[in-house]
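Enquirer: What follows is run_17.tsv, TSV, C-alpha atoms and all ligand atoms.
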```
chain	number	residue	atom	x	y	z
A	1226	MET	CA	37.78	-55.94	-84.35
A	1227	ASN	CA	39.31	-53.43	-82.06
A	1228	LEU	CA	40.58	-55.44	-79.19
A	1229	ASN	CA	44.05	-54.88	-77.86
A	1230	LEU	CA	46.03	-57.67	-76.36
A	1231	ASN	CA	47.38	-56.97	-72.93
A	1232	LEU	CA	50.67	-58.75	-73.28
A	1233	PRO	CA	52.49	-59.52	-70.06
A	1234	LEU	CA	55.72	-57.55	-69.81
A	1235	ILE	CA	58.58	-59.84	-68.92
A	1236	ASP	CA	61.93	-58.48	-67.73
A	1237	ILE	CA	64.59	-60.95	-68.84
A	1238	SER	CA	67.55	-59.04	-67.40
A	1239	PRO	CA	68.32	-61.47	-64.54
A	1240	PHE	CA	69.02	-64.17	-67.12
A	1241	LEU	CA	71.39	-62.02	-69.11
A	1242	LYS	CA	73.83	-61.84	-66.23
A	1243	GLU	CA	75.06	-65.40	-66.45
A	1244	ALA	CA	77.63	-65.07	-63.73
A	1245	GLU	CA	75.21	-63.78	-61.13
A	1246	MET	CA	72.62	-65.68	-59.16
A	1247	HIS	CA	69.19	-64.75	-60.37
A	1248	THR	CA	65.78	-65.10	-58.83
A	1249	ASP	CA	63.22	-67.38	-60.38
A	1250	SER	CA	60.69	-64.59	-60.78
A	1251	VAL	CA	61.03	-64.40	-64.56
A	1252	SER	CA	60.59	-68.10	-65.10
A	1253	ASN	CA	57.58	-68.01	-62.81
A	1254	ALA	CA	56.11	-65.24	-64.90
A	1255	ILE	CA	56.62	-67.25	-68.07
A	1256	ALA	CA	55.25	-70.39	-66.44
A	1257	LYS	CA	52.11	-68.62	-65.28
A	1258	LYS	CA	51.49	-67.29	-68.75
A	1259	ALA	CA	51.93	-70.78	-70.24
A	1260	SER	CA	50.90	-69.55	-73.63
A	1261	ALA	CA	51.59	-67.53	-76.64
A	1262	GLU	CA	52.86	-64.02	-76.40
A	1263	LEU	CA	55.04	-62.10	-74.09
A	1264	MET	CA	56.66	-58.70	-74.25
A	1265	ASP	CA	60.27	-58.49	-73.35
A	1266	LYS	CA	61.82	-55.55	-71.54
A	1267	GLY	CA	65.15	-55.63	-69.76
A	1268	HIS	CA	66.73	-57.24	-72.81
A	1269	GLY	CA	69.73	-54.94	-72.64
A	1270	ILE	CA	69.25	-53.54	-76.14
A	1271	GLU	CA	69.39	-49.78	-76.36
A	1272	ASP	CA	66.42	-47.88	-77.73
A	1273	SER	CA	68.80	-46.12	-80.11
A	1274	LYS	CA	69.71	-49.51	-81.61
A	1275	PHE	CA	66.06	-50.31	-82.31
A	1276	LYS	CA	65.64	-46.93	-83.96
A	1277	GLU	CA	68.70	-47.46	-86.12
A	1278	ILE	CA	67.56	-50.94	-87.19
A	1279	LEU	CA	64.17	-49.57	-88.23
A	1280	SER	CA	65.54	-46.53	-90.02
A	1281	LEU	CA	68.14	-48.54	-91.98
A	1282	ALA	CA	65.30	-50.82	-93.08
A	1283	ARG	CA	63.27	-47.81	-94.20
A	1284	GLU	CA	66.24	-46.49	-96.14
A	1285	PHE	CA	66.67	-49.82	-97.91
A	1286	PHE	CA	63.01	-50.09	-98.93
A	1287	SER	CA	63.01	-46.51	-100.22
A	1288	GLN	CA	65.60	-47.47	-102.87
A	1289	SER	CA	64.51	-47.99	-106.48
A	1290	PRO	CA	63.06	-51.38	-107.46
A	1291	ASP	CA	66.12	-51.97	-109.69
A	1292	GLU	CA	68.51	-51.37	-106.82
A	1293	LYS	CA	66.62	-53.74	-104.53
A	1294	GLU	CA	66.35	-56.42	-107.22
A	1295	LYS	CA	70.16	-56.51	-107.38
A	1296	ILE	CA	70.04	-58.61	-104.21
A	1297	SER	CA	66.93	-60.63	-105.10
A	1298	ILE	CA	66.64	-64.14	-103.64
A	1299	THR	CA	66.72	-65.39	-107.24
A	1300	LYS	CA	70.31	-64.09	-107.55
A	1301	GLY	CA	71.41	-66.20	-104.59
A	1302	ASP	CA	70.29	-69.36	-102.83
A	1303	LEU	CA	66.56	-68.68	-103.32
A	1304	ALA	CA	66.08	-67.75	-99.66
A	1305	ARG	CA	68.66	-65.12	-98.64
A	1306	GLY	CA	68.00	-61.70	-100.12
A	1307	TYR	CA	65.25	-59.38	-101.30
A	1308	GLN	CA	61.69	-60.37	-102.17
A	1309	ARG	CA	59.62	-57.89	-104.11
A	1310	LEU	CA	56.09	-56.96	-103.13
A	1311	GLY	CA	53.82	-60.02	-103.28
A	1312	GLN	CA	56.67	-62.52	-103.74
A	1313	ASN	CA	56.23	-64.02	-100.28
A	1314	VAL	CA	53.42	-66.55	-100.14
A	1315	THR	CA	51.49	-67.74	-97.09
A	1316	GLN	CA	48.98	-70.52	-97.60
A	1317	TYR	CA	48.93	-70.08	-101.39
A	1318	GLU	CA	48.22	-66.34	-101.30
A	1319	ASN	CA	50.65	-63.53	-102.03
A	1320	ASP	CA	51.45	-61.41	-99.00
A	1321	TRP	CA	51.31	-57.65	-99.51
A	1322	HIS	CA	54.78	-56.84	-98.30
A	1323	GLU	CA	58.36	-56.72	-99.51
A	1324	GLY	CA	61.18	-58.19	-97.49
A	1325	LEU	CA	64.84	-58.87	-96.99
A	1326	ASP	CA	65.75	-62.23	-95.46
A	1327	LEU	CA	69.03	-62.73	-93.64
A	1328	TYR	CA	70.09	-66.06	-92.19
A	1329	CYS	CA	72.74	-67.37	-89.86
A	1330	PRO	CA	75.95	-67.79	-91.91
A	1331	ILE	CA	76.25	-71.39	-93.04
A	1332	ASN	CA	78.91	-73.61	-91.41
A	1333	GLU	CA	80.07	-77.20	-91.97
A	1334	SER	CA	77.52	-78.74	-89.61
A	1335	HIS	CA	74.67	-76.86	-91.32
A	1336	LYS	CA	75.91	-78.05	-94.73
A	1337	LYS	CA	75.51	-81.67	-93.64
A	1338	ILE	CA	71.80	-81.15	-92.99
A	1339	PHE	CA	71.24	-79.15	-96.19
A	1340	LYS	CA	73.34	-81.49	-98.37
A	1341	ASP	CA	70.56	-82.13	-100.91
A	1342	THR	CA	69.39	-78.58	-101.42
A	1343	LYS	CA	70.62	-75.21	-102.60
A	1344	ILE	CA	68.05	-73.29	-100.57
A	1345	MET	CA	69.57	-71.31	-97.64
A	1346	THR	CA	73.11	-72.59	-98.30
A	1347	GLY	CA	74.55	-69.43	-99.88
A	1348	GLU	CA	75.76	-66.14	-98.44
A	1349	ASN	CA	73.60	-63.31	-97.16
A	1350	GLN	CA	73.03	-60.57	-99.71
A	1351	TRP	CA	73.46	-57.19	-98.04
A	1352	PRO	CA	72.03	-53.83	-99.11
A	1353	THR	CA	74.53	-51.12	-100.02
A	1354	VAL	CA	72.92	-48.80	-97.43
A	1355	LYS	CA	75.72	-47.37	-95.27
A	1356	ASN	CA	76.21	-49.12	-91.91
A	1357	PHE	CA	73.42	-51.61	-92.65
A	1358	LYS	CA	75.53	-54.77	-92.42
A	1359	LYS	CA	77.54	-53.69	-89.39
A	1360	THR	CA	74.49	-52.57	-87.41
A	1361	TYR	CA	72.41	-55.62	-88.23
A	1362	GLU	CA	75.25	-58.03	-87.48
A	1363	SER	CA	75.75	-56.57	-84.04
A	1364	TYR	CA	71.97	-56.65	-83.42
A	1365	PHE	CA	71.92	-60.35	-84.36
A	1366	LYS	CA	74.62	-61.07	-81.77
A	1367	GLN	CA	72.52	-59.39	-79.09
A	1368	LEU	CA	69.41	-61.33	-80.07
A	1369	ASP	CA	71.24	-64.65	-80.15
A	1370	ILE	CA	72.29	-64.02	-76.53
A	1371	LEU	CA	68.74	-62.98	-75.65
A	1372	GLY	CA	67.40	-66.16	-77.28
A	1373	ARG	CA	69.65	-68.41	-75.22
A	1374	ALA	CA	68.80	-66.49	-72.04
A	1375	THR	CA	65.08	-66.84	-72.70
A	1376	MET	CA	65.49	-70.57	-73.34
A	1377	ARG	CA	67.25	-70.96	-69.97
A	1378	CYS	CA	64.35	-69.19	-68.41
A	1379	MET	CA	61.88	-71.43	-70.30
A	1380	ALA	CA	63.70	-74.51	-69.03
A	1381	LEU	CA	63.22	-73.39	-65.42
A	1382	ALA	CA	59.59	-72.51	-66.09
A	1383	LEU	CA	59.10	-76.08	-67.32
A	1384	GLY	CA	60.70	-77.57	-64.22
A	1385	GLN	CA	63.91	-78.60	-66.01
A	1386	GLU	CA	67.42	-77.67	-65.05
A	1387	GLU	CA	68.46	-74.31	-66.46
A	1388	ASN	CA	70.73	-75.50	-69.29
A	1389	PHE	CA	68.30	-78.14	-70.46
A	1390	PHE	CA	67.77	-76.67	-73.95
A	1391	LEU	CA	71.32	-75.50	-74.43
A	1392	ASN	CA	72.59	-78.32	-76.64
A	1393	SER	CA	69.55	-77.88	-78.92
A	1394	VAL	CA	70.09	-74.14	-79.42
A	1395	ASP	CA	73.81	-73.47	-79.00
A	1396	ASN	CA	74.33	-73.42	-82.78
A	1397	SER	CA	71.02	-71.69	-83.47
A	1398	PHE	CA	70.14	-71.36	-87.15
A	1399	TRP	CA	68.52	-67.98	-86.61
A	1400	VAL	CA	66.73	-66.00	-89.30
A	1401	CYS	CA	65.90	-62.32	-89.57
A	1402	ARG	CA	63.25	-60.82	-91.85
A	1403	VAL	CA	63.27	-57.13	-92.57
A	1404	ILE	CA	59.77	-56.35	-93.79
A	1405	GLY	CA	58.17	-53.33	-95.46
A	1406	TYR	CA	54.39	-53.04	-95.67
A	1407	PRO	CA	52.68	-50.52	-97.94
A	1408	PRO	CA	49.03	-50.00	-97.00
A	1409	LEU	CA	46.72	-52.82	-98.01
A	1410	THR	CA	44.09	-51.30	-100.29
A	1411	LYS	CA	41.36	-52.89	-102.37
A	1412	ALA	CA	43.31	-52.22	-105.56
A	1413	VAL	CA	46.25	-54.50	-104.91
A	1414	GLY	CA	45.36	-57.38	-107.22
A	1415	ASP	CA	43.71	-60.74	-107.56
A	1416	ASN	CA	45.90	-63.23	-105.89
A	1417	VAL	CA	46.82	-61.00	-102.97
A	1418	GLY	CA	45.71	-62.18	-99.56
A	1419	ILE	CA	46.50	-59.81	-96.71
A	1420	SER	CA	49.68	-58.02	-95.57
A	1421	CYS	CA	50.97	-61.27	-94.07
A	1422	GLY	CA	48.73	-64.35	-93.99
A	1423	GLU	CA	47.98	-66.16	-90.75
A	1424	HIS	CA	50.67	-68.56	-89.62
A	1425	THR	CA	52.75	-69.73	-86.70
A	1426	ASP	CA	56.53	-69.23	-86.68
A	1427	TYR	CA	58.66	-72.32	-87.16
A	1428	GLY	CA	61.24	-72.41	-84.43
A	1429	CYS	CA	61.66	-71.45	-80.79
A	1430	LEU	CA	61.09	-67.76	-80.14
A	1431	THR	CA	60.47	-64.76	-82.36
A	1432	PHE	CA	61.67	-61.37	-81.12
A	1433	LEU	CA	59.61	-58.91	-83.09
A	1434	LEU	CA	60.60	-55.27	-83.47
A	1435	GLN	CA	57.89	-53.07	-85.00
A	1436	ASP	CA	57.75	-49.39	-85.88
A	1437	GLU	CA	55.06	-47.26	-84.21
A	1438	THR	CA	52.23	-48.36	-86.55
A	1439	LYS	CA	49.24	-49.62	-84.58
A	1440	ASP	CA	46.49	-52.12	-85.39
A	1441	ALA	CA	48.46	-54.09	-87.97
A	1442	LEU	CA	49.81	-57.18	-86.19
A	1443	GLN	CA	47.02	-59.43	-84.91
A	1444	VAL	CA	47.26	-62.44	-82.66
A	1445	LEU	CA	44.65	-65.13	-82.08
A	1446	SER	CA	43.77	-65.01	-78.38
A	1447	LYS	CA	43.08	-68.05	-76.24
A	1448	SER	CA	39.37	-67.34	-76.57
A	1449	GLY	CA	39.63	-67.41	-80.37
A	1450	GLU	CA	39.44	-63.70	-81.21
A	1451	TRP	CA	41.92	-61.75	-83.31
A	1452	VAL	CA	43.42	-59.05	-81.12
A	1453	ASN	CA	45.99	-56.36	-81.87
A	1454	GLY	CA	49.58	-56.94	-80.79
A	1455	ASN	CA	50.49	-53.26	-80.79
A	1456	PRO	CA	54.05	-52.03	-80.26
A	1457	VAL	CA	55.22	-50.92	-76.82
A	1458	PRO	CA	58.21	-48.54	-77.08
A	1459	GLY	CA	61.44	-50.23	-76.09
A	1460	ALA	CA	59.89	-53.70	-75.83
A	1461	LEU	CA	59.94	-56.64	-78.23
A	1462	VAL	CA	56.94	-58.86	-78.86
A	1463	VAL	CA	57.93	-62.49	-78.31
A	1464	ASN	CA	56.09	-65.21	-80.21
A	1465	ILE	CA	56.27	-68.86	-79.28
A	1466	GLY	CA	57.23	-70.99	-82.31
A	1467	ASP	CA	56.33	-74.52	-83.40
A	1468	CYS	CA	59.31	-76.18	-81.71
A	1469	ILE	CA	58.33	-75.02	-78.25
A	1470	ASN	CA	54.83	-76.19	-79.02
A	1471	ILE	CA	56.20	-79.66	-79.87
A	1472	TRP	CA	58.60	-79.79	-76.89
A	1473	THR	CA	55.84	-78.86	-74.45
A	1474	ASN	CA	53.19	-81.10	-76.05
A	1475	ASN	CA	50.96	-78.03	-76.56
A	1476	ILE	CA	51.33	-76.61	-73.04
A	1477	TYR	CA	52.92	-73.54	-74.66
A	1478	LYS	CA	50.96	-73.16	-77.90
A	1479	SER	CA	52.66	-71.53	-80.86
A	1480	THR	CA	51.20	-68.13	-81.56
A	1481	LEU	CA	48.86	-67.86	-84.55
A	1482	HIS	CA	49.29	-64.37	-85.98
A	1483	ARG	CA	48.80	-62.30	-89.13
A	1484	VAL	CA	49.23	-58.72	-90.36
A	1485	ILE	CA	46.51	-56.51	-91.84
A	1486	HIS	CA	47.96	-53.05	-92.38
A	1487	LYS	CA	45.35	-50.65	-93.74
A	1488	SER	CA	46.42	-47.28	-92.40
A	1489	ASP	CA	48.39	-44.82	-94.52
A	1490	SER	CA	51.90	-45.38	-93.26
A	1491	TYR	CA	54.58	-47.58	-94.78
A	1492	ARG	CA	54.99	-50.05	-91.89
A	1493	ILE	CA	58.34	-51.62	-91.01
A	1494	SER	CA	58.81	-54.70	-88.84
A	1495	VAL	CA	61.94	-56.73	-88.14
A	1496	PRO	CA	61.24	-60.17	-86.67
A	1497	PHE	CA	64.28	-62.13	-85.50
A	1498	PHE	CA	63.60	-65.85	-85.30
A	1499	PHE	CA	65.68	-67.55	-82.63
A	1500	GLU	CA	65.70	-71.15	-83.80
A	1501	PRO	CA	67.09	-74.53	-82.74
A	1502	ASN	CA	70.24	-76.08	-84.19
A	1503	LEU	CA	69.52	-77.61	-87.60
A	1504	ASP	CA	70.22	-81.12	-86.35
A	1505	ALA	CA	68.18	-80.76	-83.14
A	1506	LYS	CA	65.51	-83.42	-82.72
A	1507	ILE	CA	62.39	-81.77	-81.40
A	1508	GLU	CA	60.00	-84.09	-79.55
A	1509	ALA	CA	57.69	-83.90	-76.57
A	1510	LEU	CA	59.54	-83.73	-73.24
A	1511	GLU	CA	58.85	-86.53	-70.77
A	1512	SER	CA	57.70	-84.09	-68.10
A	1513	CYS	CA	55.30	-82.32	-70.48
A	1514	LEU	CA	53.92	-85.65	-71.67
A	1515	LYS	CA	53.18	-86.60	-68.09
A	1516	GLU	CA	51.47	-83.30	-67.46
A	1517	THR	CA	49.27	-83.63	-70.56
A	1518	GLY	CA	48.02	-87.19	-70.12
A	1519	GLY	CA	50.74	-89.11	-71.99
A	1520	GLU	CA	49.52	-88.81	-75.57
A	1521	VAL	CA	52.02	-87.31	-78.04
A	1522	LYS	CA	50.16	-84.44	-79.72
A	1523	ASN	CA	52.65	-83.49	-82.47
A	1524	LYS	CA	54.98	-85.39	-84.78
A	1525	PRO	CA	58.65	-85.08	-83.75
A	1526	VAL	CA	60.82	-83.19	-86.26
A	1527	ILE	CA	64.47	-82.62	-87.06
A	1528	TYR	CA	64.54	-78.84	-87.08
A	1529	GLY	CA	66.45	-78.40	-90.39
A	1530	GLU	CA	63.96	-80.65	-92.20
A	1531	HIS	CA	61.00	-78.82	-90.69
A	1532	LEU	CA	62.51	-75.48	-91.75
A	1533	LEU	CA	63.25	-76.60	-95.29
A	1534	SER	CA	59.74	-77.97	-95.79
A	1535	LYS	CA	58.30	-74.60	-94.71
A	1536	VAL	CA	60.73	-72.30	-96.55
A	1537	SER	CA	60.40	-74.11	-99.87
A	1538	LYS	CA	56.68	-73.26	-99.91
A	1539	ASN	CA	57.25	-69.61	-99.14
A	1540	PHE	CA	58.19	-67.89	-102.37
A	1541	GLU	CA	56.97	-67.30	-105.83
A	1542	LEU	CA	60.08	-67.03	-108.00
A	1601	LIG	O1	55.21	-57.89	-89.37
A	1601	LIG	C1	54.87	-58.47	-88.35
A	1601	LIG	O2	54.46	-57.86	-87.35
A	1601	LIG	C2	54.88	-59.98	-88.25
A	1601	LIG	C3	55.63	-60.67	-89.34
A	1601	LIG	C4	55.61	-62.15	-89.18
A	1601	LIG	O3	54.76	-62.68	-88.52
A	1601	LIG	C5	56.64	-63.02	-89.79
A	1601	LIG	O4	57.44	-62.54	-90.61
A	1601	LIG	O5	56.70	-64.21	-89.43
A	1602	FE	FE	55.34	-64.68	-88.01
```
Take the structure in the file and write it out as structure tokens.
Ligand SMILES: O=C(O)CCC(=O)C(=O)O
Ligand SMILES: [Fe+2]

Expert:
Amino acid sequence: MNLNLNLPLIDISPFLKEAEMHTDSVSNAIAKKASAELMDKGHGIEDSKFKEILSLAREFFSQSPDEKEKISITKGDLARGYQRLGQNVTQYENDWHEGLDLYCPINESHKKIFKDTKIMTGENQWPTVKNFKKTYESYFKQLDILGRATMRCMALALGQEENFFLNSVDNSFWVCRVIGYPPLTKAVGDNVGISCGEHTDYGCLTFLLQDETKDALQVLSKSGEWVNGNPVPGALVVNIGDCINIWTNNIYKSTLHRVIHKSDSYRISVPFFFEPNLDAKIEALESCLKETGGEVKNKPVIYGEHLLSKVSKNFEL
């Protein structure tokens, strides 16, 4: 398997200038692609910010196991915090990575949806690494803006008016995973699957920042082959999540992807999941139903319930 995916490079910048008139060229580009993965340039995020995000992550993972365990998910709400190597589970197999999960701070409207569970309802647990919290929080603000801009663009690409998705994503319950991957070797143990088992992401759009490691992230292409989603400097890989799949009745399929990292480096990736509001009802859009023959292809979901059902299967405590 040595194929490389030629991801279309999309420049989202016209949609970031809300006050200005923009052309419809970006939404046309997205509409033509009508599928899984895009690369985003023109997102307005400085290269130096990406570098800082990655190097703070590296600094955190290089701390002692004891130091990292101080902010374990088991010390908090069972979702926010550090997961040791192998603690994350995809499809019943332990993933060969360690991670730090950070979620949108919980507010009153989120609490209503999560009223019967402890999971995700606590506070983020931050590393003591200098400038970590400040830098990540400002990065999250930028990505939240980017998420809304891309959803406006999506709406136009789908023939809707520009703000069509706004009331489903204006209180986005975003998630960020900071992930560290040691090389996957034969010796890693019985129940270990791969670096990150194959899956689709749960929500709207994933903005994935990766370090320079190649041939680790793989994406299932339309023709059914696993191809590399290698990093392009300064660009983010964008995955389509389950909710867009449901909204579009499979016109935009969610991206099936996995990670197999076998080279020597310690790989870092930082996916930011731009998600719907927790109370958003996600169901096939009329226009997409018409375009796909009228049959509803996926069960509608309330986003918070969908998220909870996925997250509760994710960890070995
Ligand atoms: O590390 C990567 O490149 C992808 C990680 C991923 O797919 C995820 O956390 O959902
Ligand atoms: Fe993913």

Enquirer: Would you mind listing the residues within 7 Å of ligand FE 1602 (chain A), counting only C-alpha atoms and all ligand atoms, as a list of chain:residue names?

Expert: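 Counting only what the definition allows, namely only C-alpha atoms and all ligand atoms, the set is A:His1424, A:Thr1425, A:Asp1426, A:His1482.
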
Enquirer: Any chance you can output those residues with C-alpha atoms as a JSON list (two decimals), in the coordinates of the input?

Expert:
```
[["chain", "number", "residue", "atom", "x", "y", "z"],
["A", 1424, "HIS", "CA", 50.67, -68.56, -89.62],
["A", 1425, "THR", "CA", 52.75, -69.73, -86.70],
["A", 1426, "ASP", "CA", 56.53, -69.23, -86.68],
["A", 1482, "HIS", "CA", 49.29, -64.37, -85.98]]
```

Enquirer: Which residue is closest to Asp1467 of chain A? Choose from A:Gln1443, A:Thr1431, A:Asn1349, A:Ser1363 and count all atoms listed in the file.

Expert: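 Closest to Asp1467 of chain A, using all atoms listed in the file: A:Thr1431.
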
Enquirer: With distances taken over all atoms listed in the file, which residue among A:Ile1370, A:Ile1507, A:Leu1303, A:Cys1378 lies nearest Glu1348 of chain A?

Expert: A:Leu1303

Enquirer: Mind checking which residues fall within 7 Å of segment 1427-1430 of chain A, counting only C-alpha atoms, ignoring those fewer than 4 positions away in the same chain, and posting them as a PyMOL selection string?

Expert: chain A and resi 1463-1469+1498-1501+1532

Enquirer: Those residues you just picked out, can you put them in a file as a short mmCIF file (atom, residue, chain, number, x, y, z; two decimals), in the frame of the given file with C-alpha atoms?

Expert:
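Dumped everything to result_25.cif:
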```cif
data_model
loop_
_atom_site.label_atom_id
_atom_site.label_comp_id
_atom_site.auth_asym_id
_atom_site.auth_seq_id
_atom_site.Cartn_x
_atom_site.Cartn_y
_atom_site.Cartn_z
CA VAL A 1463 57.93 -62.49 -78.31
CA ASN A 1464 56.09 -65.21 -80.21
CA ILE A 1465 56.27 -68.86 -79.28
CA GLY A 1466 57.23 -70.99 -82.31
CA ASP A 1467 56.33 -74.52 -83.40
CA CYS A 1468 59.31 -76.18 -81.71
CA ILE A 1469 58.33 -75.02 -78.25
CA PHE A 1498 63.60 -65.85 -85.30
CA PHE A 1499 65.68 -67.55 -82.63
CA GLU A 1500 65.70 -71.15 -83.80
CA PRO A 1501 67.09 -74.53 -82.74
CA LEU A 1532 62.51 -75.48 -91.75
#
```

Enquirer: Residues of chain A within 7 Å of ligand LIG 1601 (chain A): nearest atom pair and distance (Å, one decimal) for each, counting all atoms listed in the file, sorted by chain and number, as JSON lines?

Expert:
```
{"residue": "A:Arg1402", "atom": "CA", "partner": "A:LIG1601", "partner_atom": "O4", "distance": 6.2}
{"residue": "A:Ile1404", "atom": "CA", "partner": "A:LIG1601", "partner_atom": "O1", "distance": 6.5}
{"residue": "A:Cys1421", "atom": "CA", "partner": "A:LIG1601", "partner_atom": "C3", "distance": 6.7}
{"residue": "A:Asp1426", "atom": "CA", "partner": "A:LIG1601", "partner_atom": "O5", "distance": 5.7}
{"residue": "A:Leu1433", "atom": "CA", "partner": "A:LIG1601", "partner_atom": "O2", "distance": 6.8}
{"residue": "A:Gln1435", "atom": "CA", "partner": "A:LIG1601", "partner_atom": "O2", "distance": 6.3}
{"residue": "A:Leu1442", "atom": "CA", "partner": "A:LIG1601", "partner_atom": "O2", "distance": 4.8}
{"residue": "A:His1482", "atom": "CA", "partner": "A:LIG1601", "partner_atom": "O3", "distance": 6.3}
{"residue": "A:Arg1483", "atom": "CA", "partner": "A:LIG1601", "partner_atom": "O3", "distance": 6.0}
{"residue": "A:Val1484", "atom": "CA", "partner": "A:LIG1601", "partner_atom": "C1", "distance": 6.0}
{"residue": "A:Ser1494", "atom": "CA", "partner": "A:LIG1601", "partner_atom": "O1", "distance": 4.8}
{"residue": "A:Val1495", "atom": "CA", "partner": "A:LIG1601", "partner_atom": "O1", "distance": 6.9}
{"residue": "A:Pro1496", "atom": "CA", "partner": "A:LIG1601", "partner_atom": "O4", "distance": 6.0}
```

Enquirer: Can you spit out the residues from that selection as an mmCIF file, keeping the file's coordinate frame, using C-alpha atoms?

Expert:
```cif
data_model
loop_
_atom_site.group_PDB
_atom_site.id
_atom_site.type_symbol
_atom_site.label_atom_id
_atom_site.label_comp_id
_atom_site.auth_asym_id
_atom_site.auth_seq_id
_atom_site.Cartn_x
_atom_site.Cartn_y
_atom_site.Cartn_z
ATOM 1 C CA ARG A 1402 63.250 -60.820 -91.850
ATOM 2 C CA ILE A 1404 59.770 -56.350 -93.790
ATOM 3 C CA CYS A 1421 50.970 -61.270 -94.070
ATOM 4 C CA ASP A 1426 56.530 -69.230 -86.680
ATOM 5 C CA LEU A 1433 59.610 -58.910 -83.090
ATOM 6 C CA GLN A 1435 57.890 -53.070 -85.000
ATOM 7 C CA LEU A 1442 49.810 -57.180 -86.190
ATOM 8 C CA HIS A 1482 49.290 -64.370 -85.980
ATOM 9 C CA ARG A 1483 48.800 -62.300 -89.130
ATOM 10 C CA VAL A 1484 49.230 -58.720 -90.360
ATOM 11 C CA SER A 1494 58.810 -54.700 -88.840
ATOM 12 C CA VAL A 1495 61.940 -56.730 -88.140
ATOM 13 C CA PRO A 1496 61.240 -60.170 -86.670
#
```

Enquirer: Which value, in Å to one decimal, gives the distance between atom CA of Ile1527 of chain A and atom CA of Ser1393 of chain A?

Expert: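 Computed distance, atom CA of Ile1527 of chain A to atom CA of Ser1393 of chain A, equals 10.7 Å.
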
Enquirer: Measuring atom to atom with all atoms listed in the file, identify which of A:Ser1479, A:Leu1514, A:Tyr1528, A:Asp1504 is nearest to Lys1337 of chain A.

Expert: A:Asp1504

Enquirer: To one decimal place, how far is atom CA of Gly1418 of chain A from atom CA of Ala1441 of chain A in Å?

Expert: 14.4 Å

Enquirer: Between atom CA of Ala1304 of chain A and atom CA of Asp1326 of chain A, what is the distance, to one decimal in Å?

Expert: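 About the pair atom CA of Ala1304 of chain A and atom CA of Asp1326 of chain A: they are 6.9 Å apart.
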
Enquirer: Between A:Glu1318, A:Glu1508, A:Glu1271, A:Glu1292, single out the one closest to Val1354 of chain A, counting all atoms listed in the file.

Expert: A:Glu1292

Enquirer: So that I can check the surroundings of Leu1310 of chain A, please list as a VMD selection string every protein, DNA and RNA residue that reaches within 8 Å of it, counting only C-alpha atoms and ignoring chain neighbours fewer than 5 positions away.

Expert: chain A and resid 1320 to 1324

Enquirer: Output C-alpha atoms for every residue in the selection just made, as a PDB file, in the frame of the given file.

Expert:
```
ATOM      1  CA  ASP A1320      51.450 -61.410 -99.000  1.00  0.00           C
ATOM      2  CA  TRP A1321      51.310 -57.650 -99.510  1.00  0.00           C
ATOM      3  CA  HIS A1322      54.780 -56.840 -98.300  1.00  0.00           C
ATOM      4  CA  GLU A1323      58.360 -56.720 -99.510  1.00  0.00           C
ATOM      5  CA  GLY A1324      61.180 -58.190 -97.490  1.00  0.00           C
TER       6      GLY A1324
END
```

Enquirer: List every protein, DNA or RNA residue with an atom no more than 10 Å from (68.0, -73.2, -64.5) in the file's coordinates, counting all atoms listed in the file, and format the result as a PyMOL selection string.

Expert: chain A and resi 1240+1247+1249+1252+1376-1389

Enquirer: Pick the closest to Lys1447 of chain A from A:Lys1535, A:Lys1515, A:Arg1492, A:Lys1478: which is it, counting only C-alpha atoms?

Expert: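 Nearest to Lys1447 of chain A: A:Lys1478.
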
Enquirer: Can you tell me, as a PyMOL selection string, what residues are no more than 10 Å from Lys1336 of chain A when counting only C-alpha atoms, ignoring any on the same chain fewer than 5 positions away?

Expert: chain A and resi 1331+1341-1343+1345-1346+1503

Enquirer: Quick one: of A:Ser1446, A:Asp1272, A:Tyr1406, A:Lys1293, who's nearest to Ile1419 of chain A, counting all atoms listed in the file?

Expert: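 So, comparing all the options, the nearest one is A:Tyr1406.
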